[in-house]
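Report on the following structure.
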Amino acid sequence: MAQAIETETLSTHPLDPPTTSEIETAARLVKSVAPDFVFATVALNEPDKASVAAGTAAREITVVGLDRQVGTKRFVVDVEAEVVCSNETVTGGQAPINFRDVAKVIGITKSDAGWLAAMKARGITDIENVQIDPWPTGGFVHSSIPAGHRAMRAISFVREFKEDNGYARPVQGLIAHVDITAGVVAHLEDHGVVDLPPEHGRYDAASQPSLREAPKPISITQNDGVSFEVDGYAVRWQKWQFRVSMHPIHGLVLHQLGIEDGDRVRPILYRASLSDMVVPYGDPDPMHHWKHVFDASEASIGTIPNSLTLGCDCLGEIHYFDIDIINYKGEPRRIENAICMHEEDYGILWKHYDAATQRQEVRRSRRLVISAIHTVGNYEYGFFWYLYLDGTIQMEVKLTGIVGVSAVAPGNEQPQFAPLIAPGLASPVHQHLFNFRLDFDLDGVANRVYEVNTEALASDHSDNPHGTGFAAVATLFEREADAKREIEPRTGRVWKVVAPDRLNRLGQPVAYKLMPSATPVLLASPDSAVGKRAGFGAHNLWVTPFEAGEMSAAGDETNLHPGGAGLPAWTAGNRSIVDEDLVVWHTVGVTHVPRPEDWPVMPVEYCGFMLQPVGFFERNPALDLPGH
Ligand code: NI
């Protein structure tokens, strides 16, 4: 029941993602000044709020890639005026990894004599069926690779045949340090031979010894059609209004999210998206201790969404959005059905049964789901925004795919840092930390943030004669340093974004609260490579005043960046955050101690957060929902 849609509408909104023709124009203009350019990403150079509001925003596209003569370049191109507005040589980091890098690492490794000899020593001769996984090596580039060169590490897995799950058979102890720029394996680490684990890890139905009886089908049909309206990338649903796009680093983006209240649309979030993420490993083993991939900014997660399939990825009456990316040659490439949107029944929203009258009022909850799923190497990440009928907003990250693995040497059957998940196969402890950037415009631009802890009153407090008292205590964050905070479930800690001069009928300033889930912070030392490069992971909350260019929590080009960029650098000046245009940055995630049940493919694990109105509405905003 997918509706055919044409995403390239006649009139382009200033916040629409780049169109195919805009990508072509941008590529042509970049090639005119950098003929030897390897393209990594194209993104809308998002115009400032004022020019969007005034309708005067130019269509500018940011192009990042590699000029083989100069290094990483960042161009901004005005695709209407057809001019290159800026042409910057990037220092510190490099353009994200692209398919050309990946192909080169595989080719270089598989033709290296030392690597071939090391494979032979392990009895592996069917090189065709060896799977090479190139990994970012930022923070741990081998000393033999010159600064400025593109570098990755290659680790290997053995497939018995092409369709096999290679992760069942990791080649332990062998790491090729590949200098992509020089086209060589600069250094080969070999920690000795460990036998391949004995069992295969195939997860397709045909490979299972038996299958259970399938549950009976559930059909989700909406005979009267869907309740949302779509115009290009603009969506209206049950008083919600927003725009959607896909950004190469931030993935799924919601723009200008607001809610209809009477005859006006009240803004809530100007822009909401992932800003970056990191997956640090806690195992000191030489195969893993250096791993801390930034799947968003190093692998440009927004360029690798799945084409979603009806009935499998998404169930119901689905509206899909296609997205356009660029390949390394500068050609646009369309990924169909990259963003899925549909409605879901979500149980009851509210209910009461009046015993005296024996009458009940009950309303069903429904949510609008806007989602995308990205495959990054062995892992899948799904990002699901949910909008509810009572003004609640939720982000749920779904983690699935295949865990990282080690082959276990005899005598090391229960490794401390890598639980055994199958015979001879262990999976290192690791974290997935996602930083979400929430650019609030709550009922206007000037906002402030309070931390609210619900605390017991002291037993000698004059208001607490019975020792039962507790109260919510709000503390204003005045400067950036105040707002570097962690979760605290014992006090029900939330962070409340407030529009100070917009009062509800009770005299309270209208607000939305950020409700964190049980979520870790970065466990690695702040002095470690990942501690420096993923400083955003040190805190669950950061708040900054809006500043153009402060978009990604670890800075822009993180690939091979030594660290220190992004939130720690921006907040070093300790700017005022009272009654400013505020950006709230929320680090959420999971610390993953792998289970046997996570093998050979991991059931979805969840993390995320909720945003809920607090006095933003005058009463339950879903009272007006008709009954049945
Ligand atoms: Ni994991």
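To be explicit about the labels: the chains of the structure tokens are called A, B, and onward in the order shown, and within each one the residues are counted from 1, while ligands get numbers from 1 in the order they are shown.
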Original post:
Quick one: residues within 10 Å of ligand 1, with only C-alpha atoms and all ligand atoms, as a PyMOL selection string?
Top reply: chain A and resi 279-281+379-380+399-404+427-432+589-594+598+602+604-605
Next, write the just-selected residues to a file, as a CSV table (one decimal), in the first residue's frame, keeping N, CA and C atoms as the atom set.
chain,number,residue,atom,x,y,z
A,279,VAL,N,31.3,4.1,19.1
A,279,VAL,CA,31.2,2.8,19.6
A,279,VAL,C,32.6,2.3,20.1
A,280,PRO,N,32.9,2.7,21.4
A,280,PRO,CA,34.2,2.3,21.9
A,280,PRO,C,34.1,0.9,22.5
A,281,TYR,N,35.2,0.2,22.3
A,281,TYR,CA,35.4,-1.2,22.8
A,281,TYR,C,36.2,-1.2,24.1
A,379,TYR,N,26.8,-3.9,12.0
A,379,TYR,CA,25.7,-3.5,12.8
A,379,TYR,C,24.6,-2.8,12.0
A,380,GLU,N,23.4,-2.9,12.6
A,380,GLU,CA,22.3,-2.1,12.1
A,380,GLU,C,21.9,-1.1,13.2
A,399,LEU,N,19.1,-1.1,18.0
A,399,LEU,CA,20.4,-1.7,17.7
A,399,LEU,C,20.3,-3.1,17.4
A,400,THR,N,20.7,-3.6,16.2
A,400,THR,CA,20.7,-5.0,15.9
A,400,THR,C,21.8,-5.3,14.9
A,401,GLY,N,21.8,-6.4,14.3
A,401,GLY,CA,22.9,-6.8,13.5
A,401,GLY,C,23.8,-7.8,14.2
A,402,ILE,N,25.1,-7.8,13.9
A,402,ILE,CA,26.0,-8.8,14.4
A,402,ILE,C,27.1,-8.2,15.3
A,403,VAL,N,27.3,-8.7,16.5
A,403,VAL,CA,28.2,-8.2,17.4
A,403,VAL,C,29.7,-8.4,16.9
A,404,GLY,N,30.6,-7.6,17.4
A,404,GLY,CA,32.0,-7.8,17.1
A,404,GLY,C,32.5,-9.0,17.8
A,427,SER,N,32.7,-12.1,22.4
A,427,SER,CA,32.3,-10.8,21.9
A,427,SER,C,32.7,-9.7,22.9
A,428,PRO,N,33.6,-8.8,22.5
A,428,PRO,CA,34.1,-7.8,23.5
A,428,PRO,C,33.0,-6.9,24.0
A,429,VAL,N,33.1,-6.5,25.3
A,429,VAL,CA,32.3,-5.5,25.9
A,429,VAL,C,32.5,-4.2,25.1
A,430,HIS,N,31.4,-3.4,24.9
A,430,HIS,CA,31.6,-2.2,24.2
A,430,HIS,C,30.4,-1.3,24.5
A,431,GLN,N,30.5,0.0,24.1
A,431,GLN,CA,29.4,0.9,24.2
A,431,GLN,C,28.9,1.4,22.9
A,432,HIS,N,27.7,1.9,22.8
A,432,HIS,CA,27.2,2.6,21.7
A,432,HIS,C,26.6,3.9,22.3
A,589,GLY,N,22.7,6.0,25.3
A,589,GLY,CA,23.3,4.8,24.6
A,589,GLY,C,23.1,3.6,25.5
A,590,VAL,N,23.9,2.6,25.1
A,590,VAL,CA,23.9,1.3,25.9
A,590,VAL,C,25.4,0.9,26.1
A,591,THR,N,25.6,0.3,27.2
A,591,THR,CA,26.8,-0.5,27.4
A,591,THR,C,26.5,-1.9,27.2
A,592,HIS,N,27.2,-2.5,26.2
A,592,HIS,CA,26.7,-3.8,25.7
A,592,HIS,C,27.7,-4.9,26.2
A,593,VAL,N,27.2,-5.7,27.1
A,593,VAL,CA,27.9,-6.9,27.5
A,593,VAL,C,27.2,-8.1,26.8
A,594,PRO,N,27.9,-8.6,25.7
A,594,PRO,CA,27.2,-9.5,24.8
A,594,PRO,C,26.8,-10.8,25.5
A,598,ASP,N,22.7,-13.0,21.9
A,598,ASP,CA,23.0,-12.0,20.8
A,598,ASP,C,23.6,-12.6,19.6
A,602,MET,N,21.7,-10.3,16.6
A,602,MET,CA,21.3,-9.7,17.8
A,602,MET,C,19.8,-9.3,17.8
A,604,VAL,N,16.8,-6.9,18.7
A,604,VAL,CA,17.0,-5.5,18.9
A,604,VAL,C,17.1,-5.1,20.3
A,605,GLU,N,18.1,-4.2,20.5
A,605,GLU,CA,18.3,-3.6,21.8
A,605,GLU,C,17.9,-2.1,21.6
Original post:
Which parts of region 76-165 of chain A does DSSP call alpha helix (DSSP H) when run on the backbone here, written out as an MDAnalysis selection string?
Top reply: chainID A and resid 99:110 113:121
Subject >> Contacts of Val178 (chain A) at 8 Å (only C-alpha atoms; same-chain gap of 3+ positions) as a count of residues only >> reply: 12
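Excluding Ser207 (chain A) and any residue on its chain fewer than 4 positions from it, the residues at most 12 Å away by only C-alpha atoms are Glu163, Asp164, Asn165, His200, Gly201, Arg202, Tyr203, Leu211 and Pro600 of chain A.
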Original post:
In Å, how far is it from CA of Val64 (chain A) to CA of Lys398 (chain A)?
Top reply: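 A separation of 28.6 Å between them.
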Can you tell me, as a PDB file with all heavy atoms, in the first residue's frame, what residues are no more than 8 Å from Val362 (chain A) when counting only C-alpha atoms, ignoring any on the same chain fewer than 5 positions away?
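For reference, result_23.pdb as written:
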ATOM      1  N   ILE A 348      -3.689   2.168  24.977  1.00  0.00           N
ATOM      2  CA  ILE A 348      -4.595   3.224  25.415  1.00  0.00           C
ATOM      3  C   ILE A 348      -3.827   4.492  25.724  1.00  0.00           C
ATOM      4  O   ILE A 348      -2.687   4.457  26.196  1.00  0.00           O
ATOM      5  CB  ILE A 348      -5.450   2.810  26.630  1.00  0.00           C
ATOM      6  CG1 ILE A 348      -4.581   2.455  27.831  1.00  0.00           C
ATOM      7  CG2 ILE A 348      -6.390   1.671  26.266  1.00  0.00           C
ATOM      8  CD1 ILE A 348      -5.360   2.410  29.128  1.00  0.00           C
ATOM      9  N   LEU A 349      -4.449   5.611  25.444  1.00  0.00           N
ATOM     10  CA  LEU A 349      -3.849   6.916  25.744  1.00  0.00           C
ATOM     11  C   LEU A 349      -4.336   7.402  27.105  1.00  0.00           C
ATOM     12  O   LEU A 349      -3.547   7.883  27.914  1.00  0.00           O
ATOM     13  CB  LEU A 349      -4.221   7.924  24.659  1.00  0.00           C
ATOM     14  CG  LEU A 349      -3.710   9.343  24.872  1.00  0.00           C
ATOM     15  CD1 LEU A 349      -2.193   9.388  24.919  1.00  0.00           C
ATOM     16  CD2 LEU A 349      -4.230  10.271  23.795  1.00  0.00           C
ATOM     17  N   TRP A 350      -5.639   7.306  27.354  1.00  0.00           N
ATOM     18  CA  TRP A 350      -6.160   7.616  28.685  1.00  0.00           C
ATOM     19  C   TRP A 350      -7.487   6.902  28.870  1.00  0.00           C
ATOM     20  O   TRP A 350      -8.143   6.516  27.902  1.00  0.00           O
ATOM     21  CB  TRP A 350      -6.277   9.117  28.930  1.00  0.00           C
ATOM     22  CG  TRP A 350      -7.143   9.924  28.000  1.00  0.00           C
ATOM     23  CD1 TRP A 350      -6.722  10.665  26.945  1.00  0.00           C
ATOM     24  CD2 TRP A 350      -8.570  10.119  28.071  1.00  0.00           C
ATOM     25  NE1 TRP A 350      -7.781  11.300  26.334  1.00  0.00           N
ATOM     26  CE2 TRP A 350      -8.934  10.980  27.026  1.00  0.00           C
ATOM     27  CE3 TRP A 350      -9.576   9.642  28.930  1.00  0.00           C
ATOM     28  CZ2 TRP A 350     -10.232  11.377  26.783  1.00  0.00           C
ATOM     29  CZ3 TRP A 350     -10.881  10.040  28.693  1.00  0.00           C
ATOM     30  CH2 TRP A 350     -11.208  10.904  27.632  1.00  0.00           C
ATOM     31  N   LYS A 351      -7.878   6.721  30.157  1.00  0.00           N
ATOM     32  CA  LYS A 351      -9.087   5.950  30.471  1.00  0.00           C
ATOM     33  C   LYS A 351      -9.545   6.260  31.883  1.00  0.00           C
ATOM     34  O   LYS A 351      -8.721   6.486  32.770  1.00  0.00           O
ATOM     35  CB  LYS A 351      -8.768   4.447  30.368  1.00  0.00           C
ATOM     36  CG  LYS A 351      -9.842   3.552  30.943  1.00  0.00           C
ATOM     37  CD  LYS A 351      -9.603   2.084  30.680  1.00  0.00           C
ATOM     38  CE  LYS A 351     -10.738   1.321  31.380  1.00  0.00           C
ATOM     39  NZ  LYS A 351     -11.121   0.111  30.676  1.00  0.00           N
ATOM     40  N   HIS A 352     -10.851   6.287  32.089  1.00  0.00           N
ATOM     41  CA  HIS A 352     -11.388   6.210  33.447  1.00  0.00           C
ATOM     42  C   HIS A 352     -12.763   5.558  33.420  1.00  0.00           C
ATOM     43  O   HIS A 352     -13.592   5.830  32.562  1.00  0.00           O
ATOM     44  CB  HIS A 352     -11.487   7.578  34.121  1.00  0.00           C
ATOM     45  CG  HIS A 352     -11.893   7.442  35.557  1.00  0.00           C
ATOM     46  ND1 HIS A 352     -11.153   6.723  36.468  1.00  0.00           N
ATOM     47  CD2 HIS A 352     -12.976   7.884  36.243  1.00  0.00           C
ATOM     48  CE1 HIS A 352     -11.763   6.739  37.644  1.00  0.00           C
ATOM     49  NE2 HIS A 352     -12.883   7.439  37.527  1.00  0.00           N
ATOM     50  N   GLY A 627     -14.388   9.852  21.044  1.00  0.00           N
ATOM     51  CA  GLY A 627     -14.468   8.460  21.503  1.00  0.00           C
ATOM     52  C   GLY A 627     -14.990   7.585  20.389  1.00  0.00           C
ATOM     53  O   GLY A 627     -15.184   8.036  19.258  1.00  0.00           O
TER      54      GLY A 627
END
**OP:** Using CA of Val253 (chain A) and CA of Trp542 (chain A) as the two end points, give the distance in Å to one decimal.
**Re:**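 Going from CA of Val253 (chain A) over to CA of Trp542 (chain A), I get 19.4 Å.
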Subject >> Nearest to Arg485 (chain A) by atom-to-atom distance, counting only C-alpha atoms, from A:Arg264, A:Arg366, A:His586, A:Arg68 >> reply: A:His586
Subject >> From A:Ala54, A:Leu252, A:Val226, A:Leu611, residue lying nearest Arg271 (chain A) [only C-alpha atoms] >> reply: A:Leu252
Subject >> One-decimal distance in Å that lies between CA of Phe417 (chain A) and CA of Pro489 (chain A) >> reply: 27.3 Å
Original post:
Neighbours of Val33 (chain A) within 12 Å (only C-alpha atoms; same-chain residues fewer than 6 positions away dropped), as a list in words?
Top reply: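 That gives Ala26, Ala27, Asp67, Lys73, Phe75, Val77, Val83, Val84, Cys85, Ser86, Asn87 and Glu88 of chain A.
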Give me a file of those residues, with all heavy atoms, as a short mmCIF file (atom, residue, chain, number, x, y, z; two decimals), in the first residue's frame.
data_model
loop_
_atom_site.label_atom_id
_atom_site.label_comp_id
_atom_site.auth_asym_id
_atom_site.auth_seq_id
_atom_site.Cartn_x
_atom_site.Cartn_y
_atom_site.Cartn_z
N ALA A 26 26.26 21.02 -8.18
CA ALA A 26 27.32 21.18 -7.18
C ALA A 26 28.57 20.42 -7.60
O ALA A 26 29.69 20.93 -7.51
CB ALA A 26 26.83 20.70 -5.81
N ALA A 27 28.38 19.18 -8.07
CA ALA A 27 29.53 18.36 -8.48
C ALA A 27 30.27 19.01 -9.64
O ALA A 27 31.51 19.04 -9.67
CB ALA A 27 29.06 16.96 -8.84
N ASP A 67 40.60 16.13 -2.34
CA ASP A 67 41.36 16.57 -3.51
C ASP A 67 42.71 15.87 -3.43
O ASP A 67 43.47 16.06 -2.48
CB ASP A 67 41.52 18.09 -3.46
CG ASP A 67 42.20 18.62 -4.72
OD1 ASP A 67 43.08 17.92 -5.27
OD2 ASP A 67 41.86 19.73 -5.14
N LYS A 73 38.81 18.69 1.38
CA LYS A 73 38.29 20.02 1.05
C LYS A 73 36.82 20.07 1.41
O LYS A 73 36.11 19.07 1.35
CB LYS A 73 38.41 20.27 -0.47
CG LYS A 73 39.83 20.21 -1.01
CD LYS A 73 40.60 21.46 -0.75
CE LYS A 73 40.13 22.63 -1.60
NZ LYS A 73 41.04 23.80 -1.41
N PHE A 75 33.66 22.44 0.27
CA PHE A 75 33.16 23.49 -0.61
C PHE A 75 31.74 23.85 -0.22
O PHE A 75 30.95 22.96 0.15
CB PHE A 75 33.13 23.01 -2.06
CG PHE A 75 34.48 22.77 -2.67
CD1 PHE A 75 35.03 21.49 -2.70
CD2 PHE A 75 35.21 23.82 -3.23
CE1 PHE A 75 36.27 21.26 -3.26
CE2 PHE A 75 36.45 23.59 -3.81
CZ PHE A 75 36.99 22.30 -3.83
N VAL A 77 28.61 25.60 -2.28
CA VAL A 77 28.26 25.98 -3.64
C VAL A 77 26.84 26.54 -3.64
O VAL A 77 25.93 25.91 -3.10
CB VAL A 77 28.33 24.73 -4.56
CG1 VAL A 77 27.86 25.07 -5.96
CG2 VAL A 77 29.73 24.17 -4.58
N VAL A 83 27.74 29.37 -8.31
CA VAL A 83 29.07 29.85 -7.92
C VAL A 83 29.56 29.05 -6.71
O VAL A 83 28.77 28.59 -5.89
CB VAL A 83 29.10 31.35 -7.54
CG1 VAL A 83 28.89 32.22 -8.77
CG2 VAL A 83 28.08 31.68 -6.46
N VAL A 84 30.88 28.90 -6.65
CA VAL A 84 31.50 28.30 -5.47
C VAL A 84 31.67 29.41 -4.45
O VAL A 84 32.43 30.36 -4.66
CB VAL A 84 32.86 27.66 -5.83
CG1 VAL A 84 33.55 27.13 -4.57
CG2 VAL A 84 32.68 26.54 -6.85
N CYS A 85 30.93 29.34 -3.35
CA CYS A 85 30.95 30.42 -2.35
C CYS A 85 32.17 30.31 -1.44
O CYS A 85 32.70 31.31 -0.99
CB CYS A 85 29.72 30.37 -1.46
SG CYS A 85 28.17 30.26 -2.33
N SER A 86 32.53 29.07 -1.08
CA SER A 86 33.72 28.93 -0.26
C SER A 86 34.44 27.63 -0.60
O SER A 86 33.82 26.67 -1.07
CB SER A 86 33.39 29.01 1.24
OG SER A 86 32.82 27.82 1.69
N ASN A 87 35.72 27.65 -0.39
CA ASN A 87 36.62 26.58 -0.82
C ASN A 87 37.69 26.46 0.25
O ASN A 87 38.65 27.20 0.28
CB ASN A 87 37.21 26.99 -2.18
CG ASN A 87 38.32 26.07 -2.66
OD1 ASN A 87 38.79 25.21 -1.92
ND2 ASN A 87 38.73 26.26 -3.89
N GLU A 88 37.44 25.54 1.19
CA GLU A 88 38.25 25.48 2.40
C GLU A 88 39.04 24.17 2.43
O GLU A 88 38.49 23.11 2.14
CB GLU A 88 37.29 25.55 3.60
CG GLU A 88 37.92 25.50 4.96
CD GLU A 88 36.86 25.19 6.04
OE1 GLU A 88 35.65 25.23 5.76
OE2 GLU A 88 37.29 24.87 7.17
#
Subject >> Residue contacts of Lys49 (chain A) (12 Å, only C-alpha atoms) excluding same-chain residues fewer than 4 positions away, as a PyMOL selection string >> reply: chain A and resi 14-15+53-57+255-256+270-271+439+441+444-445+546-548+581
Would you mind exporting all heavy atoms of the selected residues as a short mmCIF file (atom, residue, chain, number, x, y, z; two decimals), in the first residue's frame?
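Written out: again_13.cif:
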data_model
loop_
_atom_site.label_atom_id
_atom_site.label_comp_id
_atom_site.auth_asym_id
_atom_site.auth_seq_id
_atom_site.Cartn_x
_atom_site.Cartn_y
_atom_site.Cartn_z
N PRO A 14 13.46 25.91 1.55
CA PRO A 14 14.86 26.15 1.97
C PRO A 14 15.48 25.03 2.80
O PRO A 14 16.70 24.91 2.85
CB PRO A 14 14.78 27.43 2.80
CG PRO A 14 13.51 28.09 2.42
CD PRO A 14 12.58 27.03 1.89
N LEU A 15 14.67 24.20 3.44
CA LEU A 15 15.22 23.12 4.27
C LEU A 15 15.14 21.76 3.60
O LEU A 15 15.51 20.75 4.20
CB LEU A 15 14.52 23.09 5.64
CG LEU A 15 14.70 24.36 6.47
CD1 LEU A 15 13.89 24.29 7.75
CD2 LEU A 15 16.18 24.60 6.80
N ALA A 53 12.83 32.17 7.57
CA ALA A 53 11.56 32.82 7.93
C ALA A 53 11.19 33.89 6.91
O ALA A 53 10.02 34.04 6.55
CB ALA A 53 11.67 33.42 9.33
N ALA A 54 12.21 34.60 6.42
CA ALA A 54 11.96 35.70 5.48
C ALA A 54 11.80 35.21 4.05
O ALA A 54 11.41 35.99 3.16
CB ALA A 54 13.09 36.72 5.57
N GLY A 55 12.08 33.93 3.82
CA GLY A 55 11.97 33.40 2.46
C GLY A 55 13.08 33.88 1.54
O GLY A 55 12.93 33.90 0.32
N THR A 56 14.22 34.29 2.11
CA THR A 56 15.31 34.82 1.30
C THR A 56 16.51 33.89 1.25
O THR A 56 17.57 34.26 0.77
CB THR A 56 15.78 36.18 1.87
OG1 THR A 56 16.16 35.97 3.25
CG2 THR A 56 14.67 37.22 1.81
N ALA A 57 16.35 32.67 1.80
CA ALA A 57 17.50 31.77 1.89
C ALA A 57 17.96 31.32 0.50
O ALA A 57 17.15 30.98 -0.35
CB ALA A 57 17.12 30.55 2.72
N HIS A 255 12.73 18.88 10.94
CA HIS A 255 12.88 20.34 10.93
C HIS A 255 11.55 20.99 11.32
O HIS A 255 10.48 20.48 10.96
CB HIS A 255 13.20 20.85 9.51
CG HIS A 255 14.41 20.25 8.88
ND1 HIS A 255 15.67 20.80 8.98
CD2 HIS A 255 14.55 19.15 8.10
CE1 HIS A 255 16.53 20.06 8.28
NE2 HIS A 255 15.88 19.05 7.74
N GLN A 256 11.66 22.12 11.97
CA GLN A 256 10.49 22.98 12.23
C GLN A 256 9.32 22.17 12.79
O GLN A 256 8.20 22.25 12.29
CB GLN A 256 10.09 23.71 10.95
CG GLN A 256 11.19 24.65 10.47
CD GLN A 256 10.78 25.44 9.22
OE1 GLN A 256 10.12 24.90 8.33
NE2 GLN A 256 11.16 26.70 9.17
N TYR A 270 13.34 23.44 16.32
CA TYR A 270 13.68 23.93 14.99
C TYR A 270 14.37 22.83 14.18
O TYR A 270 14.18 22.72 12.98
CB TYR A 270 14.58 25.16 15.10
CG TYR A 270 14.87 25.76 13.74
CD1 TYR A 270 13.90 26.52 13.10
CD2 TYR A 270 16.08 25.55 13.09
CE1 TYR A 270 14.12 27.07 11.84
CE2 TYR A 270 16.32 26.08 11.83
CZ TYR A 270 15.34 26.84 11.21
OH TYR A 270 15.56 27.37 9.96
N ARG A 271 15.16 22.04 14.87
CA ARG A 271 15.87 20.95 14.18
C ARG A 271 16.22 19.90 15.21
O ARG A 271 16.73 20.24 16.30
CB ARG A 271 17.14 21.46 13.51
CG ARG A 271 17.84 20.46 12.57
CD ARG A 271 19.11 21.10 12.04
NE ARG A 271 19.77 20.31 11.00
CZ ARG A 271 20.54 19.24 11.23
NH1 ARG A 271 20.74 18.82 12.47
NH2 ARG A 271 21.12 18.62 10.22
N ASP A 439 17.75 21.40 18.69
CA ASP A 439 17.74 22.86 18.56
C ASP A 439 16.33 23.31 18.88
O ASP A 439 15.44 23.25 18.04
CB ASP A 439 18.17 23.24 17.14
CG ASP A 439 18.19 24.75 16.93
OD1 ASP A 439 17.72 25.49 17.81
OD2 ASP A 439 18.68 25.18 15.86
N ASP A 441 13.20 25.70 19.72
CA ASP A 441 12.59 27.02 19.57
C ASP A 441 11.26 26.91 20.30
O ASP A 441 10.20 26.92 19.69
CB ASP A 441 12.31 27.35 18.09
CG ASP A 441 13.47 28.09 17.45
OD1 ASP A 441 14.51 28.26 18.11
OD2 ASP A 441 13.32 28.51 16.30
N GLY A 444 9.01 30.19 20.69
CA GLY A 444 9.84 31.37 20.48
C GLY A 444 11.30 30.97 20.56
O GLY A 444 11.62 29.81 20.84
N VAL A 445 12.16 31.93 20.33
CA VAL A 445 13.58 31.61 20.22
C VAL A 445 14.27 31.59 21.59
O VAL A 445 15.11 30.74 21.86
CB VAL A 445 14.27 32.60 19.25
CG1 VAL A 445 15.78 32.43 19.29
CG2 VAL A 445 13.75 32.40 17.84
N PHE A 546 22.86 28.73 20.47
CA PHE A 546 22.99 28.41 19.06
C PHE A 546 24.16 29.18 18.46
O PHE A 546 24.30 30.39 18.67
CB PHE A 546 21.70 28.75 18.29
CG PHE A 546 21.86 28.54 16.81
CD1 PHE A 546 21.58 27.30 16.24
CD2 PHE A 546 22.34 29.56 15.98
CE1 PHE A 546 21.77 27.09 14.88
CE2 PHE A 546 22.52 29.36 14.62
CZ PHE A 546 22.24 28.13 14.08
N GLU A 547 24.98 28.47 17.70
CA GLU A 547 26.07 29.12 16.96
C GLU A 547 26.17 28.41 15.63
O GLU A 547 26.24 27.17 15.60
CB GLU A 547 27.38 29.00 17.77
CG GLU A 547 28.60 29.63 17.14
CD GLU A 547 28.51 31.16 17.06
OE1 GLU A 547 28.05 31.77 18.04
OE2 GLU A 547 28.88 31.70 16.01
N ALA A 548 26.13 29.17 14.55
CA ALA A 548 26.21 28.55 13.22
C ALA A 548 27.46 27.69 13.14
O ALA A 548 28.53 28.08 13.62
CB ALA A 548 26.24 29.64 12.15
N ASP A 581 18.81 31.53 22.17
CA ASP A 581 18.41 30.46 21.26
C ASP A 581 19.27 29.25 21.64
O ASP A 581 20.48 29.25 21.43
CB ASP A 581 18.69 30.90 19.81
CG ASP A 581 18.24 29.85 18.80
OD1 ASP A 581 17.71 28.80 19.22
OD2 ASP A 581 18.43 30.08 17.59
#
Region 265-356 of chain A residues near region 498-501 of chain A within 12 Å, closest pair each, using only C-alpha atoms, as a Markdown table:
| residue | atom | partner | partner_atom | distance |
| --- | --- | --- | --- | --- |
| A:Arg266 | CA | A:Ala499 | CA | 11.7 |
| A:Pro267 | CA | A:Ala499 | CA | 11.0 |
| A:Ile268 | CA | A:Ala499 | CA | 10.2 |
**OP:** Could you give me, as a ChimeraX atom specification, each residue of region 329-499 of chain A that DSSP assigns to strand (DSSP E or B) when run on this structure's backbone?
**Re:** /A:332-354,359-376,379-388,393-401,406-407,420-422,425-426,430-440,446-456,470-476,479,485,494-499
Original post:
Of the candidates A:Phe383, A:Phe609, A:Phe536, A:Tyr328, which shows the shortest atom-to-atom distance to Val494 (chain A), using only C-alpha atoms?
Top reply: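 So, comparing all the options, the nearest one is A:Phe609.
The closest residue to Gly65 (chain A), picked from A:Met246, A:Ile127, A:Ile326, A:Met341 and counting only C-alpha atoms, is A:Ile326.
Each of A:Ala206, A:Val397, A:Val141, A:Val521 was compared to Gly608 (chain A) using only C-alpha atoms, and A:Val397 turns out to be the nearest.
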Original post:
Of the candidates A:Thr309, A:Ser459, A:Gln394, A:Thr571, which one gets nearest to Met515 (chain A) if we count only C-alpha atoms?
Top reply: A:Gln394
